[in-house]
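Engineer: Before I ask anything, here is the structure I am working with.
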Amino acid sequence: MKTFTTHTAEETIELGKKIGNLLKKGDVIAMQGTLAAGKTTITKGIAEALEVKDTITSPTFCLISEYEGKMPLYHMDVYRLEGGEDFVNLGTDDMIYGEGVSIIEWSEKIMDELPKKTIILKLEPQEDGSRIITIENWPHGEIA
């Protein structure tokens with residue numbers, strides 16, 4: 001388990017870039033955290049590292065946003081889903097087991113449907129505005 005603290009949105013994006021630079025095709029990141037915890041903010045940094053040119057926004061209403069970069073980025077938000085069956089019915093297998101990186105916000109609802117190798121990224125906002133970001137199941141070496 002790796003733990004980081006960021007104090008600004010810019011630091012959260014920078015951490016996302018460091019993570020993104022180490023990701024490989026087929027990686028799945030299960031994001032967990034409350035509303036406004038920074039899930040989309042850290043995704044912006046990951047996308048930048050993957051050379052995505054589009055603006056990253058929260059996929060709350062469209063459920064899945066697909067971005068092109070040096071590999072596809074699938075940004076999913078399962079907040080509005082009832083559970084794992086709804087997630088599977090979206091046809092997400094091609095994304096999760098495909099040639100890109102999948103980032104799933106509100107993943108707590110569907111963890112049983114995700115691969116064992118899924119990277120878990122927990123974001124916890126603090127009273128002082130900082131965020132504690134914990135990464136579990138990280139397979140790619142040191143995040144510098």
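Ordered as shown in the structure tokens, chains take letters A, B, and onward, while each chain numbers its residues from 1 and ligands are numbered from 1 in the order shown.
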From a DSSP pass on the backbone, collect the residues of range 10-54 of chain A flagged as strand (DSSP E or B) and hand them back as a list of chain:residue names.
Structural biologist: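 Here is the list: A:Val28, A:Ile29, A:Ala30, A:Met31, A:Gln32.
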Engineer: May I have the selected residues written with N, CA, C and O atoms, as a compact mmCIF listing (two decimals), in the first residue's frame?
Structural biologist:
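Result file result23.txt:
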# COMPACT_ATOMS: atom_id res chain seq x y z
N VAL A 28 -6.70 -1.48 -14.64
CA VAL A 28 -8.01 -1.02 -14.17
C VAL A 28 -7.79 -0.34 -12.82
O VAL A 28 -7.16 -0.92 -11.93
N ILE A 29 -8.29 0.89 -12.70
CA ILE A 29 -8.19 1.62 -11.45
C ILE A 29 -9.59 1.81 -10.88
O ILE A 29 -10.45 2.41 -11.51
N ALA A 30 -9.79 1.28 -9.68
CA ALA A 30 -11.05 1.43 -8.96
C ALA A 30 -10.91 2.61 -8.02
O ALA A 30 -10.19 2.54 -7.03
N MET A 31 -11.57 3.72 -8.35
CA MET A 31 -11.49 4.93 -7.52
C MET A 31 -12.58 4.89 -6.45
O MET A 31 -13.73 4.56 -6.75
N GLN A 32 -12.18 5.25 -5.25
CA GLN A 32 -13.13 5.27 -4.13
C GLN A 32 -12.94 6.55 -3.35
O GLN A 32 -11.82 6.98 -3.11
Engineer: Could you list, as an MDAnalysis selection string, every residue within 9 Å of Thr43 in chain A, counting only C-alpha atoms and ignoring same-chain residues fewer than 5 positions away?
Structural biologist: chainID A and resid 13 16:17 20 38 48 56 75 103
Engineer: Can those selected residues be exported to a file as a PDB file, in the first residue's frame so that it contains N, CA and C atoms?
Structural biologist:
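Saved file part-v7.pdb follows:
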ATOM      1  N   ILE A  13      -3.275  16.573  -9.496  1.00  0.00           N
ATOM      2  CA  ILE A  13      -3.063  16.321 -10.926  1.00  0.00           C
ATOM      3  C   ILE A  13      -1.643  15.807 -11.160  1.00  0.00           C
ATOM      4  N   GLY A  16      -1.460  12.279 -10.301  1.00  0.00           N
ATOM      5  CA  GLY A  16      -2.102  11.538 -11.384  1.00  0.00           C
ATOM      6  C   GLY A  16      -1.175  11.328 -12.564  1.00  0.00           C
ATOM      7  N   LYS A  17      -0.383  12.354 -12.907  1.00  0.00           N
ATOM      8  CA  LYS A  17       0.587  12.218 -14.005  1.00  0.00           C
ATOM      9  C   LYS A  17       1.615  11.145 -13.692  1.00  0.00           C
ATOM     10  N   GLY A  20      -0.100   7.862 -14.070  1.00  0.00           N
ATOM     11  CA  GLY A  20      -0.376   7.627 -15.486  1.00  0.00           C
ATOM     12  C   GLY A  20       0.847   7.227 -16.284  1.00  0.00           C
ATOM     13  N   GLY A  38     -11.850  14.254  -5.235  1.00  0.00           N
ATOM     14  CA  GLY A  38     -10.745  14.488  -6.161  1.00  0.00           C
ATOM     15  C   GLY A  38     -10.574  13.403  -7.210  1.00  0.00           C
ATOM     16  N   GLU A  48      -3.450  13.244 -18.784  1.00  0.00           N
ATOM     17  CA  GLU A  48      -2.353  14.042 -19.336  1.00  0.00           C
ATOM     18  C   GLU A  48      -1.133  13.160 -19.611  1.00  0.00           C
ATOM     19  N   ILE A  56     -10.997  16.446 -19.630  1.00  0.00           N
ATOM     20  CA  ILE A  56     -11.589  15.386 -18.814  1.00  0.00           C
ATOM     21  C   ILE A  56     -12.664  16.003 -17.927  1.00  0.00           C
ATOM     22  N   HIS A  75     -13.113   6.207 -18.899  1.00  0.00           N
ATOM     23  CA  HIS A  75     -13.409   6.844 -17.619  1.00  0.00           C
ATOM     24  C   HIS A  75     -14.882   6.577 -17.313  1.00  0.00           C
ATOM     25  N   ILE A 103     -10.638   3.605 -15.721  1.00  0.00           N
ATOM     26  CA  ILE A 103     -10.746   4.259 -14.422  1.00  0.00           C
ATOM     27  C   ILE A 103     -12.221   4.268 -14.063  1.00  0.00           C
TER      28      ILE A 103
END
Engineer: Can you tell me, as a list of chain:residue names, what residues are no more than 9 Å from Glu10 in chain A when counting only C-alpha atoms, ignoring any on the same chain fewer than 4 positions away?
Structural biologist: A:Thr6, A:Glu14, A:Leu15, A:Thr41, A:Gly45
Engineer: Taking only residues of range 8-81 of chain A that have an atom at most 7 Å from an atom of range 91-101 of chain A, what is each one's shortest atom pair and its distance in Å to one decimal, using only C-alpha atoms, in chain and number order, as a tab-separated table?
Structural biologist:
residue	atom	partner	partner_atom	distance
A:Lys25	CA	A:Gly100	CA	4.8
A:Gly26	CA	A:Gly100	CA	5.4
A:Asp27	CA	A:Val101	CA	5.1
A:Val28	CA	A:Val101	CA	5.9
A:Met71	CA	A:Gly100	CA	5.3
A:Pro72	CA	A:Gly100	CA	4.4
A:Leu73	CA	A:Val101	CA	5.0
A:Tyr74	CA	A:Val101	CA	6.2
Engineer: With distances taken over only C-alpha atoms, which of A:Lys53, A:Thr5, A:Gly33, A:Leu63 is nearest to Lys122 in chain A?
Structural biologist: A:Gly33
Engineer: Using DSSP on the backbone, list every residue of chain A that comes out as helix (DSSP H, G or I), and give them as number ranges by chain.
Structural biologist: A: 9-20, 39-49, 84-89, 93-96, 107-113
Engineer: Please provide the set of residues having any atom within 10 Å of Thr34 in chain A, restricted to only C-alpha atoms, with same-chain residues fewer than 6 positions apart removed, written as a list in words.
Structural biologist: Trp106, Lys122, Leu123, Glu124 and Pro125 of chain A
Engineer: Report, in Å with one decimal, the straight-line distance from CA of Ile143 in chain A to CA of Lys116 in chain A.
Structural biologist: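 Computing the Euclidean distance for CA of Ile143 in chain A and CA of Lys116 in chain A yields 21.0 Å.
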Engineer: In Å, how far is it from CA of Ile19 in chain A to CA of Leu35 in chain A?
Structural biologist: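 So the answer is 21.6 Å.
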